[in-house]
Every structure is written in C-alpha cells, then in structure tokens.
Amino acid sequence: MSCVTCCSRRRTSFRDFAASEERIASNILADRLQRLEHAGLITKVPGPGGRERTAYRATDKGKDLIPVLLAMMLWSARHDPDTGALEQLVAELERDQRRVARRVRRDGSIQAYLRNLQPVAE
C-alpha cells in the first residue's frame, strides 16, 4: 500500500484499502497502516456514520508529502507507459505541479480535485 492512497483521500477505511487494486494481504495492510500511523503520516478517526469501526485520514505531515507524491506520479507517467496515471492529472501536473499540489490538498483528494476541474453539465 502506498502513501499516495493515504494522502489522496480524506478518510479511508481498512476495507477500502483492502479492496484497492493493489490487492494487499490484510496482515501486511494492517502492518503498513500501523507503520504509517506511528510515523505520523496518518491518524485513525471514527468511521463515517458508525458503519466502519475505524477510518484513516492523512495528517498535516502526511499531506506535506502530496507534492513529492505527485512528482513521483508524473515521473512514472513519463517513464512507464503502463503506469495507469490519469491523463488529465498528468496534463495538469505538466502545466503546474505546485498549483495541483495546493489544490489537491485544498480539495482533500486527487479525485475531488479532478471533479472540480470538469465543467458542470447543464
């Protein structure tokens, strides 16, 4: 599991991480989440609406990694044709990485940032 996932979402449950395309074993996922928490990159928070026992949220320290992680995503997109990076995100990063990092942090996730870029259908 990568820090990108932790920093790109406001709150994420263990179940969300386990269902990600990385398909990480639950014991390894639990260990990595614990390491990220001990490093101060994420924190446990009550799950939304009580459905999940625990959710995870990036701390300010974790969010400070957003520019680094976005730069790594751009590097990967440039050098690995199978990276899976979203073309729209890569294009925005190539235009202005600092602006994208500020807006991802403001919007709370890469997904929210991309939704805010798309024009609203009338």
# chains A, B, ... in the order shown; residues from 1 in each chain; ligands from 1

$ select_by_dssp --residues "region 7-118 of chain A" --states "alpha helix (DSSP H)" --output "ChimeraX atom specification"
/A:7,14-18,26-38,60-63,66-79,87-95,97-107,110-117

$ residues_around --residues "region 34-43 of chain A" --least-positions-apart "4" --cutoff "8 Å" --atoms "only C-alpha atoms" --output "VMD selection string"
chain A and resid 6 30 56 to 63

$ closest_residue --among "A:Pro48, A:Gly84, A:Leu33, A:Asp107" --to "Glu21 (chain A)" --atoms "only C-alpha atoms"
A:Gly84

$ atom_distance --atom1 "CA of Leu89 (chain A)" --atom2 "CA of Lys44 (chain A)"
28.2 Å

$ residues_around --residues "Ala77 (chain A)" --least-positions-apart "2" --cutoff "12 Å" --atoms "only C-alpha atoms" --output "PyMOL selection string"
chain A and resi 70-75+79-91+93-94

$ write_last_selection --atoms "C-alpha atoms" --output "tab-separated table (two decimals), in the first residue's frame"
chain	number	residue	atom	x	y	z
A	70	LEU	CA	2.56	13.98	-7.35
A	71	ALA	CA	6.08	14.49	-8.72
A	72	MET	CA	6.63	10.73	-8.47
A	73	MET	CA	3.37	10.13	-10.31
A	74	LEU	CA	4.46	12.47	-13.09
A	75	TRP	CA	7.88	10.85	-13.29
A	79	HIS	CA	8.89	6.75	-17.95
A	80	ASP	CA	6.43	3.87	-17.69
A	81	PRO	CA	3.78	3.57	-20.39
A	82	ASP	CA	1.79	1.17	-18.18
A	83	THR	CA	1.71	3.47	-15.15
A	84	GLY	CA	-2.07	3.84	-15.12
A	85	ALA	CA	-1.87	7.53	-14.25
A	86	LEU	CA	-4.89	9.50	-15.34
A	87	GLU	CA	-4.14	11.52	-18.48
A	88	GLN	CA	-5.98	14.57	-17.17
A	89	LEU	CA	-3.94	14.55	-13.97
A	90	VAL	CA	-0.66	14.12	-15.87
A	91	ALA	CA	-1.55	17.04	-18.14
A	93	LEU	CA	0.91	18.23	-13.42
A	94	GLU	CA	2.90	19.05	-16.54

$ select_by_dssp --residues "chain A" --states "strand (DSSP E or B)" --output "list in words"
Thr12, Ser13, Ile42, Thr43, Lys44, Val45, Pro46, Thr54, Ala55, Tyr56, Arg57 and Ala58 of chain A

$ atom_distance --atom1 "CA of Pro67 (chain A)" --atom2 "CA of Ala101 (chain A)"
5.3 Å

$ closest_residue --among "A:Ser26, A:Pro46, A:Leu69, A:Asp16" --to "Ile110 (chain A)" --atoms "only C-alpha atoms"
A:Leu69

$ atom_distance --atom1 "CA of Val100 (chain A)" --atom2 "CA of Gly47 (chain A)"
28.1 Å
